[in-house]
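What follows is query-v2.cif (mmCIF, C-alpha atoms).
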data_structure
#
loop_
_atom_site.label_atom_id
_atom_site.label_comp_id
_atom_site.auth_asym_id
_atom_site.auth_seq_id
_atom_site.Cartn_x
_atom_site.Cartn_y
_atom_site.Cartn_z
CA ASN A 1 9.20 161.10 -62.94
CA GLY A 2 10.41 158.01 -64.75
CA ALA A 3 7.16 156.04 -64.61
CA ALA A 4 5.07 158.84 -66.09
CA PHE A 5 7.73 159.39 -68.71
CA SER A 6 7.58 155.76 -69.82
CA LYS A 7 3.81 155.97 -70.28
CA LEU A 8 4.31 159.01 -72.50
CA ARG A 9 6.42 156.85 -74.71
CA GLY A 10 4.23 153.81 -75.00
CA SER A 11 5.38 153.31 -78.56
CA GLN A 12 9.07 153.09 -77.70
CA SER A 13 10.70 149.67 -77.43
CA GLY A 14 12.13 148.53 -74.09
CA GLN A 15 15.69 149.03 -75.36
CA ASP A 16 14.98 152.67 -76.29
CA SER A 17 13.54 153.44 -72.88
CA THR A 18 16.48 151.67 -71.17
CA ARG A 19 18.87 154.15 -72.77
CA TRP A 20 16.82 157.09 -71.51
CA HIS A 21 16.56 155.60 -67.99
CA VAL A 22 20.33 155.02 -67.78
CA VAL A 23 21.03 158.63 -68.84
CA ARG A 24 18.42 159.90 -66.33
CA LYS A 25 19.99 157.87 -63.52
CA PHE A 26 23.46 159.10 -64.41
CA LEU A 27 22.33 162.75 -64.50
CA GLY A 28 20.69 162.22 -61.10
CA LEU A 29 23.93 160.74 -59.75
CA ILE A 30 26.16 163.60 -60.89
CA SER A 31 23.60 166.19 -59.82
CA SER A 32 23.48 164.80 -56.27
CA HIS A 33 27.30 165.16 -56.10
CA ASN A 34 27.34 168.62 -57.74
CA ILE A 35 29.53 167.45 -60.62
CA PRO A 36 29.01 169.64 -63.70
CA VAL A 37 29.10 167.58 -66.89
CA TYR A 38 28.03 168.50 -70.41
CA LEU A 39 26.85 166.43 -73.35
CA ILE A 40 29.39 165.88 -76.15
CA ASP A 41 27.83 162.82 -77.75
CA PRO A 42 28.21 163.41 -81.53
CA LEU A 43 25.13 161.40 -82.49
CA ILE A 44 22.82 163.23 -80.07
CA LEU A 45 24.37 166.65 -80.72
CA GLY A 46 23.84 166.05 -84.46
CA LEU A 47 20.13 165.43 -83.82
CA VAL A 48 19.90 168.36 -81.40
CA ASP A 49 21.58 170.68 -83.90
CA LYS A 50 18.75 170.15 -86.41
CA ASP A 51 16.22 171.34 -83.81
CA ILE A 52 18.43 173.80 -81.92
CA GLU A 53 16.17 176.85 -82.32
CA GLN A 54 13.14 174.93 -81.12
CA ILE A 55 15.10 173.42 -78.19
CA ARG A 56 16.43 176.82 -77.13
CA SER A 57 12.97 178.34 -77.09
CA SER A 58 10.91 175.38 -75.91
CA PRO A 59 9.37 175.45 -72.45
CA ASP A 60 10.29 172.76 -69.95
CA GLY A 61 7.04 170.89 -70.43
CA PRO A 62 6.96 167.13 -71.13
CA SER A 63 8.06 166.03 -74.59
CA PRO A 64 5.57 163.99 -76.61
CA GLU A 65 8.22 161.45 -77.64
CA CYS A 66 11.73 160.37 -76.73
CA LYS A 67 13.62 161.66 -79.74
CA TYR A 68 17.25 162.12 -78.69
CA PHE A 69 18.29 159.93 -75.75
CA CYS A 70 16.33 156.97 -77.16
CA ALA A 71 18.29 157.00 -80.44
CA PRO A 72 20.00 153.63 -81.02
CA ARG A 73 23.56 153.57 -79.69
CA ASP A 74 25.63 151.58 -77.17
CA PHE A 75 26.73 154.53 -75.04
CA THR A 76 26.17 158.23 -74.37
CA THR A 77 29.17 160.56 -74.07
CA PHE A 78 29.58 163.40 -71.57
CA ALA A 79 32.52 165.70 -70.74
CA LEU A 80 33.86 166.71 -67.35
CA LEU A 81 36.39 169.45 -66.62
CA ASP A 82 39.00 168.02 -64.27
CA LYS A 83 39.25 171.10 -62.06
CA THR A 84 35.48 171.22 -61.41
CA TRP A 85 35.31 168.16 -59.17
CA LYS A 86 37.15 166.21 -56.51
CA HIS A 87 37.84 162.53 -57.13
CA GLU A 88 35.78 161.40 -54.17
CA VAL A 89 35.21 157.80 -53.19
CA GLY A 90 31.62 158.62 -52.19
CA PHE A 91 30.69 159.34 -55.78
CA PHE A 92 31.68 155.84 -56.94
CA ARG A 93 29.94 154.23 -53.93
CA SER A 94 26.73 156.04 -54.88
CA ALA A 95 27.14 154.87 -58.47
CA GLU A 96 27.43 151.26 -57.30
CA LYS A 97 24.34 151.62 -55.09
CA MET A 98 22.40 152.78 -58.14
CA GLY A 99 23.49 149.62 -59.97
CA PHE A 100 26.29 151.08 -62.11
CA GLN A 101 29.44 149.11 -62.80
CA TRP A 102 32.29 151.55 -63.45
CA LEU A 103 35.75 151.63 -64.91
CA LYS A 104 38.42 154.32 -64.50
CA ILE A 105 41.08 154.69 -67.19
CA ILE A 106 44.23 156.43 -65.99
CA ASN A 107 47.51 157.20 -67.68
CA LYS A 108 50.62 159.28 -67.23
CA ASP A 109 50.13 163.03 -67.45
CA PRO A 110 52.04 163.86 -70.68
CA ARG A 111 52.82 167.37 -69.42
CA LEU A 112 55.14 165.82 -66.82
CA ASP A 113 57.35 164.45 -69.60
CA GLY A 114 58.25 168.07 -70.24
CA MET A 115 59.73 168.36 -66.76
CA ASP A 116 62.33 166.26 -65.02
CA ASP A 117 59.56 164.53 -63.15
CA LEU A 118 60.08 160.92 -62.22
CA SER A 119 56.94 160.54 -60.12
CA GLY A 120 55.14 159.08 -63.15
CA MET A 121 51.95 160.65 -61.84
CA GLU A 122 48.89 159.16 -63.50
CA ILE A 123 45.72 161.11 -64.09
CA PRO A 124 42.16 159.95 -64.84
CA LEU A 125 41.40 160.32 -68.54
CA HIS A 126 38.12 158.44 -69.02
CA TYR A 127 35.36 156.95 -66.85
CA ILE A 128 32.82 154.44 -68.07
CA PHE A 129 29.60 153.73 -66.15
CA LYS A 130 27.54 150.77 -67.29
CA LEU A 131 23.98 149.89 -66.35
CA ALA A 132 21.91 147.18 -68.03
CA SER A 133 22.89 147.28 -71.71
CA HIS A 134 23.85 150.96 -71.89
CA ALA A 135 27.07 152.75 -70.95
CA ILE A 136 27.96 156.35 -70.13
CA HIS A 137 31.37 157.45 -71.39
CA LEU A 138 32.69 160.37 -69.33
CA VAL A 139 35.69 162.09 -70.97
CA VAL A 140 37.91 164.12 -68.64
CA PHE A 141 39.16 167.43 -70.09
CA TYR A 142 42.19 169.29 -68.72
CA GLU A 143 43.01 172.95 -69.18
CA ARG A 144 46.38 173.46 -70.87
CA SER A 145 48.67 176.48 -70.79
CA GLY A 146 47.65 177.53 -74.31
CA ASN A 147 44.22 178.30 -72.80
CA PHE A 148 42.50 175.30 -74.41
CA LEU A 149 41.05 171.97 -73.28
CA TRP A 150 42.82 168.65 -73.83
CA HIS A 151 41.66 165.06 -73.41
CA GLY A 152 43.85 161.98 -73.49
CA PRO A 153 43.52 158.76 -75.49
CA LEU A 154 41.85 155.65 -74.13
CA ARG A 155 44.58 153.05 -73.68
CA LEU A 156 43.55 149.90 -71.82
CA LYS A 157 45.90 148.30 -69.32
CA GLN A 158 46.51 144.55 -69.40
CA HIS A 159 44.01 143.52 -66.74
CA VAL A 160 41.00 145.42 -68.15
CA ASP A 161 38.02 143.40 -69.39
CA ARG A 162 37.98 144.12 -73.14
CA LYS A 163 34.30 143.17 -73.33
CA PHE A 164 33.13 145.69 -70.71
CA VAL A 165 31.92 148.01 -73.49
CA PRO A 166 32.69 148.23 -77.26
CA PHE A 167 35.82 150.33 -76.63
CA ARG A 168 36.70 150.69 -80.31
CA LYS A 169 33.47 152.55 -80.96
CA LEU A 170 34.10 155.24 -78.34
CA HIS A 171 34.41 158.56 -80.16
CA PHE A 172 36.91 160.25 -77.88
CA GLY A 173 39.26 157.32 -77.30
CA ARG A 174 41.36 156.80 -80.41
CA TYR A 175 43.77 159.68 -79.85
CA PRO A 176 44.18 162.82 -77.74
CA GLY A 177 42.13 165.87 -78.72
CA ALA A 178 42.31 169.66 -78.30
CA TYR A 179 39.27 171.94 -78.07
CA GLU A 180 38.42 175.54 -77.37
CA LYS A 181 36.53 176.06 -74.11
CA PRO A 182 32.88 175.80 -75.16
CA GLU A 183 30.16 178.16 -74.05
CA LEU A 184 27.47 175.98 -72.49
CA LEU A 185 23.70 176.13 -72.67
CA LEU A 186 21.28 174.46 -70.23
CA VAL A 187 18.44 172.87 -72.18
CA SER A 188 15.66 170.37 -71.68
CA ILE A 189 15.94 167.37 -74.01
CA ASP A 190 13.49 164.47 -73.69
CA ASP A 191 12.44 165.91 -70.30
CA LEU A 192 16.02 165.78 -69.02
CA LYS A 193 17.90 168.95 -68.07
CA VAL A 194 21.36 168.83 -69.60
CA GLN A 195 24.18 171.21 -70.55
CA ILE A 196 25.27 171.21 -74.18
CA PRO A 197 27.78 173.31 -76.19
CA LYS A 198 25.93 176.50 -77.15
CA ASN A 199 26.74 175.93 -80.81
CA PRO A 200 26.54 172.15 -81.41
CA SER A 201 27.46 172.36 -85.11
CA SER A 202 30.72 174.23 -84.46
CA PHE A 203 31.58 171.75 -81.68
CA LEU A 204 30.99 168.84 -84.10
CA GLU A 205 33.13 170.57 -86.73
CA GLU A 206 35.88 171.08 -84.14
CA MET A 207 35.61 167.44 -83.13
CA SER A 208 36.32 166.25 -86.67
CA HIS A 209 39.69 168.09 -86.63
CA SER A 210 40.59 167.74 -82.95
CA ARG A 211 43.52 165.29 -83.07
CA PHE A 212 46.38 166.44 -80.83
CA LEU A 213 50.11 165.60 -80.99
CA GLU A 214 52.15 165.95 -77.82
CA CYS A 215 55.59 167.48 -78.13
CA ARG A 216 58.34 164.82 -78.07
CA TYR A 217 59.75 165.77 -74.66
CA ARG A 218 61.98 162.70 -74.22
CA GLU A 219 63.60 163.11 -77.63
CA ALA A 220 64.08 166.84 -76.91
CA ARG A 221 65.90 165.97 -73.67
CA ALA A 222 68.13 163.51 -75.54
CA PHE A 223 68.81 166.21 -78.18
CA PHE A 224 69.93 168.72 -75.52
CA GLN A 225 72.26 166.15 -73.97
CA LEU A 226 74.05 165.91 -77.32
CA TYR A 227 73.77 169.61 -78.18
CA PRO A 228 73.49 171.73 -75.02
CA ASP A 229 70.89 174.47 -75.33
CA ASP A 230 72.05 177.99 -76.12
CA ALA A 231 71.28 179.96 -72.95
CA SER A 232 73.03 183.16 -74.03
CA VAL A 233 71.31 186.51 -73.55
CA ASP A 234 70.78 186.79 -77.32
CA ALA A 235 69.17 183.34 -77.57
CA VAL A 236 66.84 183.98 -74.61
CA GLU A 237 65.89 187.37 -76.05
CA PHE A 238 65.23 185.94 -79.53
CA ARG A 239 63.02 183.15 -78.16
CA LYS A 240 61.02 185.70 -76.19
CA LYS A 241 60.48 187.86 -79.30
CA ALA A 242 59.70 184.81 -81.48
CA LYS A 243 57.10 183.63 -78.95
CA SER A 244 55.35 187.00 -78.84
CA LEU A 245 55.47 187.26 -82.66
CA LEU A 246 53.94 183.78 -82.99
CA HIS A 247 51.16 184.68 -80.52
CA LEU A 248 50.41 187.89 -82.45
CA ALA A 249 50.42 186.04 -85.80
CA ALA A 250 48.09 183.35 -84.41
CA LEU A 251 45.68 185.96 -83.05
CA THR A 252 45.66 187.82 -86.39
CA LEU A 253 45.09 184.71 -88.53
CA ASN A 254 42.56 183.17 -86.13
CA ASN A 255 40.54 186.41 -86.21
CA LEU A 256 40.48 186.15 -90.00
CA GLY A 257 39.50 182.47 -89.82
CA VAL A 258 42.64 181.45 -91.75
CA LYS A 259 44.02 178.01 -90.88
CA PHE A 260 47.84 177.89 -90.58
CA TRP A 261 50.57 175.64 -89.23
CA LEU A 262 54.17 175.75 -88.00
CA SER A 263 56.45 175.28 -91.00
CA SER A 264 60.17 175.13 -91.87
CA GLY A 265 62.52 175.93 -88.96
CA THR A 266 59.69 176.66 -86.52
CA CYS A 267 58.21 173.20 -87.14
CA LEU A 268 61.66 171.61 -86.85
CA GLY A 269 62.20 173.38 -83.51
CA TRP A 270 58.89 172.03 -82.18
CA TYR A 271 59.54 168.48 -83.40
CA ARG A 272 63.22 168.21 -82.47
CA GLN A 273 63.59 170.25 -79.30
CA CYS A 274 60.11 171.41 -78.20
CA ASN A 275 61.28 175.01 -78.51
CA VAL A 276 62.21 177.78 -80.91
CA ILE A 277 65.62 177.23 -82.56
CA PRO A 278 67.60 180.22 -81.23
CA HIS A 279 69.77 180.76 -84.32
CA SER A 280 66.81 180.67 -86.76
CA LYS A 281 66.05 184.42 -86.55
CA ASP A 282 62.52 184.14 -87.92
CA VAL A 283 59.12 182.51 -87.40
CA ASP A 284 57.80 180.35 -90.26
CA LEU A 285 54.13 179.55 -90.93
CA GLY A 286 52.40 177.59 -93.70
CA ILE A 287 48.95 178.28 -95.19
CA PHE A 288 47.16 176.36 -97.95
CA ILE A 289 46.61 178.70 -100.91
CA ARG A 290 42.91 177.76 -100.87
CA ASP A 291 42.71 179.55 -97.48
CA TYR A 292 44.32 182.76 -98.76
CA LYS A 293 42.39 185.96 -98.03
CA ALA A 294 43.13 189.42 -99.39
CA ASP A 295 42.73 190.81 -95.84
CA ILE A 296 45.88 189.01 -94.60
CA ILE A 297 48.32 191.83 -95.47
CA PRO A 298 46.17 194.71 -94.09
CA ALA A 299 45.39 192.68 -90.93
CA PHE A 300 49.11 192.19 -90.17
CA GLN A 301 49.88 195.83 -90.92
CA LYS A 302 47.10 196.85 -88.54
CA ALA A 303 48.64 194.54 -85.91
CA GLY A 304 51.87 196.56 -86.19
CA LEU A 305 53.79 194.22 -88.52
CA PRO A 306 54.78 196.04 -91.73
CA LEU A 307 55.12 194.04 -94.97
CA LYS A 308 58.79 193.37 -95.71
CA HIS A 309 58.38 191.55 -99.01
CA LYS A 310 55.76 189.91 -101.19
CA PHE A 311 56.99 187.39 -103.75
CA GLY A 312 54.95 185.49 -106.32
CA LYS A 313 51.22 185.78 -106.87
CA VAL A 314 48.16 183.93 -105.62
CA GLU A 315 48.21 181.51 -108.57
CA ASP A 316 51.92 180.72 -108.20
CA SER A 317 54.62 180.69 -105.48
CA LEU A 318 53.12 183.31 -103.14
CA GLU A 319 55.10 184.13 -100.00
CA LEU A 320 54.83 187.03 -97.56
CA SER A 321 57.32 188.36 -95.02
CA PHE A 322 56.45 190.76 -92.20
CA GLN A 323 58.84 192.67 -89.95
CA GLY A 324 58.49 191.90 -86.25
CA GLU A 325 60.31 193.45 -83.32
CA ASP A 326 64.00 194.30 -84.06
CA ASP A 327 65.29 191.87 -86.69
CA VAL A 328 62.77 189.05 -86.09
CA LYS A 329 60.70 188.31 -89.21
CA LEU A 330 57.49 186.43 -89.79
CA ASP A 331 57.58 184.42 -93.02
CA ILE A 332 54.34 183.00 -94.43
CA PHE A 333 54.62 180.36 -97.14
CA PHE A 334 51.59 179.40 -99.22
CA PHE A 335 51.22 175.74 -100.18
CA TYR A 336 49.78 174.41 -103.45
CA GLU A 337 48.21 170.94 -103.70
CA GLU A 338 48.86 168.65 -106.67
CA ASP A 339 47.60 165.09 -107.17
CA ASP A 340 50.44 163.37 -105.36
CA HIS A 341 52.33 166.10 -103.49
CA ILE A 342 52.14 169.59 -101.99
CA TRP A 343 54.62 172.38 -102.72
CA ASN A 344 55.50 175.94 -101.81
CA GLY A 345 57.56 178.37 -103.86
CA GLY A 346 60.59 180.59 -103.36
CA THR A 347 61.84 183.59 -105.34
CA GLN A 348 65.34 185.08 -105.55
CA ALA A 349 64.77 188.85 -105.75
CA LYS A 350 67.92 189.85 -107.65
CA SER A 351 67.69 187.25 -110.43
CA GLY A 352 63.94 186.51 -110.58
CA LYS A 353 64.77 182.79 -110.24
CA LYS A 354 61.97 180.58 -108.95
CA PHE A 355 62.33 177.57 -106.65
CA LYS A 356 59.90 174.88 -105.59
CA TYR A 357 59.88 172.84 -102.36
CA LEU A 358 58.08 169.48 -102.57
CA PHE A 359 56.36 167.77 -99.63
CA PRO A 360 54.44 164.50 -99.37
CA LYS A 361 50.71 165.11 -98.72
CA PHE A 362 49.87 165.80 -95.08
CA THR A 363 46.98 166.59 -92.76
CA LEU A 364 46.91 168.97 -89.77
CA CYS A 365 46.92 168.17 -86.05
CA TRP A 366 46.90 170.42 -82.99
CA THR A 367 49.81 170.76 -80.62
CA GLU A 368 50.89 173.08 -77.82
CA PHE A 369 53.95 175.22 -78.55
CA VAL A 370 55.23 178.18 -76.51
CA GLU A 371 51.90 178.24 -74.63
CA LEU A 372 49.85 178.33 -77.80
CA LYS A 373 47.38 175.87 -79.35
CA VAL A 374 48.64 175.66 -82.90
CA HIS A 375 48.60 173.31 -85.92
CA VAL A 376 51.49 171.18 -87.16
CA PRO A 377 51.50 168.56 -89.95
CA CYS A 378 50.27 165.28 -88.41
CA GLU A 379 52.85 163.44 -90.54
CA THR A 380 55.56 165.57 -88.98
CA LEU A 381 58.52 163.25 -89.54
CA GLN A 382 57.87 162.99 -93.31
CA TYR A 383 57.37 166.77 -93.45
CA VAL A 384 60.61 167.54 -91.58
CA GLU A 385 62.58 164.91 -93.53
CA ALA A 386 61.34 166.30 -96.86
CA ASN A 387 62.65 169.73 -95.86
CA TYR A 388 65.81 168.86 -93.92
CA GLY A 389 66.77 165.36 -95.08
CA PRO A 390 67.67 162.35 -92.91
CA GLU A 391 70.18 164.42 -90.90
CA TRP A 392 67.50 166.76 -89.48
CA LYS A 393 68.50 165.82 -85.91
CA VAL A 394 71.87 167.55 -86.31
CA PRO A 395 71.75 171.36 -85.85
CA VAL A 396 72.98 173.38 -88.85
CA LYS A 397 73.97 177.01 -88.30
CA THR A 398 74.55 177.94 -91.95
CA TRP A 399 71.55 177.41 -94.18
CA ASP A 400 71.00 178.50 -97.76
CA TRP A 401 67.29 178.43 -98.65
CA LYS A 402 68.14 178.01 -102.37
CA SER A 403 70.36 174.93 -102.03
CA SER A 404 70.30 173.48 -98.48
CA PRO A 405 66.75 171.99 -98.34
CA SER A 406 66.50 168.37 -99.49
CA ASN A 407 63.29 169.06 -101.38
CA VAL A 408 64.28 172.16 -103.40
CA GLN A 409 63.95 172.22 -107.21
CA ASP A 410 64.56 174.92 -109.80
CA ASN A 411 61.25 176.23 -111.09
CA GLY A 412 62.20 178.56 -113.94
CA VAL A 413 62.46 182.38 -113.88
CA TRP A 414 59.79 185.05 -113.53
CA PRO A 415 59.27 186.92 -116.85
CA ILE A 416 60.85 190.40 -116.56
CA ASP A 417 57.57 192.15 -117.41
CA GLU A 418 56.02 190.55 -114.25
CA TRP A 419 58.79 191.56 -111.83
CA ASP A 420 57.02 194.69 -110.58
CA ASN A 421 54.12 192.50 -109.56
CA VAL A 422 55.86 189.33 -108.30
CA ILE A 423 58.96 190.80 -106.61
CA GLN A 424 57.90 193.50 -104.19
CA ILE A 425 60.37 194.58 -101.48
CA TYR A 426 59.53 197.28 -98.95
#
Go ahead and express the file in the form of structure tokens.
Amino acid sequence: NGAAFSKLRGSQSGQDSTRWHVVRKFLGLISSHNIPVYLIDPLILGLVDKDIEQIRSSPDGPSPECKYFCAPRDFTTFALLDKTWKHEVGFFRSAEKMGFQWLKIINKDPRLDGMDDLSGMEIPLHYIFKLASHAIHLVVFYERSGNFLWHGPLRLKQHVDRKFVPFRKLHFGRYPGAYEKPELLLVSIDDLKVQIPKNPSSFLEEMSHSRFLECRYREARAFFQLYPDDASVDAVEFRKKAKSLLHLAALTLNNLGVKFWLSSGTCLGWYRQCNVIPHSKDVDLGIFIRDYKADIIPAFQKAGLPLKHKFGKVEDSLELSFQGEDDVKLDIFFFYEEDDHIWNGGTQAKSGKKFKYLFPKFTLCWTEFVELKVHVPCETLQYVEANYGPEWKVPVKTWDWKSSPSNVQDNGVWPIDEWDNVIQIY
């Protein structure tokens, strides 16, 4: 019990033991209401990760010192899956009886922007429970159709007391995040039973690249008012094939551990209209050349996508094209990083001419597209504008990859003695 625990830690300062007591009280509160939460606090998971083998194998006996939950910090962060609990009033009453002050942060469900929903339904995104000088930050995760977990940003409404906790320090508040569903492990840490992600280091790695961009549903609706969507049989059929090709490509590259993103027309379709552009006829992906693996071609062939062409070489202007169902292709462009820009190459097969497409530097964010968790450039507007110019909002049916893009440059000609190697068509 708490009293015995405190004696064990005679050397700890009062502040340290307060943190532990607040966490213990909170775990008691959620346990009495059968609410399953798991620890996602980066500071504590970082400490736990160093001792993970010992923690996994250690018996449940008392710990000689408070090593994890007594670490100096203003708050401890837990996660809660929305569908695993009911928002019951009784839970908050119990929290108050235990001395907790609490705050609920709600906001509009962004998924409703994708529908003609005017209810403006708000959903809980974050809860904060404060006791003495320590706070518990409870982040609510929602399951999305791409079979991943999403949490929203922490945006305070006007009336909220800005001094309730140091909001700016909260790790999961700055922007929305996307995560795989973690496997959980029940462990005993500092004599407290708590669930943690089974592999803390991979969770922490995921956390550092978790930023999520929502599709621009309102702008997509405005776009379709100006340019009504193509609902022809051909367009519907193409979108269906493009979606299944994208899912297959994502599965293949994810299995290889190769990071990729939506590029060219596929990225434009996501950004402009939240959908595949029906007259594009292919699916475009980008990969940094540093992430290239020799297994990419055999893996796609094994997945039933034969190689259509291979242009360039790993050191220069590599691009791959695979044949999907019917006439739908998968084009993979490899991107090369320079000091102040990033570029990918293009090759004209009949002349051996080389082209170069320049982009401002960018980072990668997650999004959800055709029921898939997938990367896009975080700086999407600059990326799209580089490729399609300031008129990117206007659909163009005729597109010449050698002259239409705003960012295309001539890049010389492949030497004839290299053609067999750098221009391969199947």
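For the set A:Leu248, A:Leu170, A:Val89, A:Val276, the residue with the smallest atom-to-atom gap to Arg73 of chain A is A:Leu170, counting all atoms listed in the file.
In terms of minimum interatomic distance to Glu143 of chain A, A:Glu371 ranks closest within A:Ser280, A:Leu184, A:Glu371, A:Pro197, counting only C-alpha atoms.
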Report task. Apply the PyMOL selection byres ((chain A and resi 297-301) around 9) to the displayed file and report the matching residues as JSON, numbers by chain. Result -> {"A": [248, 249, 252, 253, 256, 293, 294, 295, 296, 302, 303, 304, 305, 306, 307, 320, 322]}
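Between atom CA of Glu183 of chain A and atom CA of Asp49 of chain A there is a distance of 15.1 Å.
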Query raised in the report: Using only C-alpha atoms, which of the listed residues (A:Glu391, A:Tyr383, A:Leu285, A:Ala178) sits closest to Ser145 of chain A?
Result: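 Smallest distance to Ser145 of chain A is found for A:Ala178.
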Requested in this report: Quote the spacing between atom CA of Gly152 of chain A and atom CA of Cys70 of chain A in Å to one decimal place.
Outcome: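 Pair atom CA of Gly152 of chain A / atom CA of Cys70 of chain A returns 28.2 Å.
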Please evaluate the PyMOL selection byres ((chain A and resi 364) around 8) against the structure above and give the resulting residues as a CSV table (one decimal) with C-alpha atoms, in the frame of the given file.
chain,number,residue,atom,x,y,z
A,209,HIS,CA,39.7,168.1,-86.6
A,261,TRP,CA,50.6,175.6,-89.2
A,362,PHE,CA,49.9,165.8,-95.1
A,363,THR,CA,47.0,166.6,-92.8
A,365,CYS,CA,46.9,168.2,-86.0
A,366,TRP,CA,46.9,170.4,-83.0
A,375,HIS,CA,48.6,173.3,-85.9
A,376,VAL,CA,51.5,171.2,-87.2
A,377,PRO,CA,51.5,168.6,-90.0
A,378,CYS,CA,50.3,165.3,-88.4
Query raised in the report: atom CA of Leu262 of chain A to atom CA of Glu325 of chain A: how many Å, to one decimal?
Result: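 Between atom CA of Leu262 of chain A and atom CA of Glu325 of chain A the gap is 19.3 Å.
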Could you list as a CSV table (one decimal) with C-alpha atoms, keeping the file's coordinate frame every residue that has an atom within 9 Å of (36.5, 172.7, -78.2), using the file's coordinates and counting all atoms listed in the file?
chain,number,residue,atom,x,y,z
A,148,PHE,CA,42.5,175.3,-74.4
A,149,LEU,CA,41.0,172.0,-73.3
A,150,TRP,CA,42.8,168.6,-73.8
A,177,GLY,CA,42.1,165.9,-78.7
A,178,ALA,CA,42.3,169.7,-78.3
A,179,TYR,CA,39.3,171.9,-78.1
A,180,GLU,CA,38.4,175.5,-77.4
A,181,LYS,CA,36.5,176.1,-74.1
A,182,PRO,CA,32.9,175.8,-75.2
A,197,PRO,CA,27.8,173.3,-76.2
A,202,SER,CA,30.7,174.2,-84.5
A,203,PHE,CA,31.6,171.8,-81.7
A,204,LEU,CA,31.0,168.8,-84.1
A,206,GLU,CA,35.9,171.1,-84.1
A,207,MET,CA,35.6,167.4,-83.1
A,210,SER,CA,40.6,167.7,-83.0
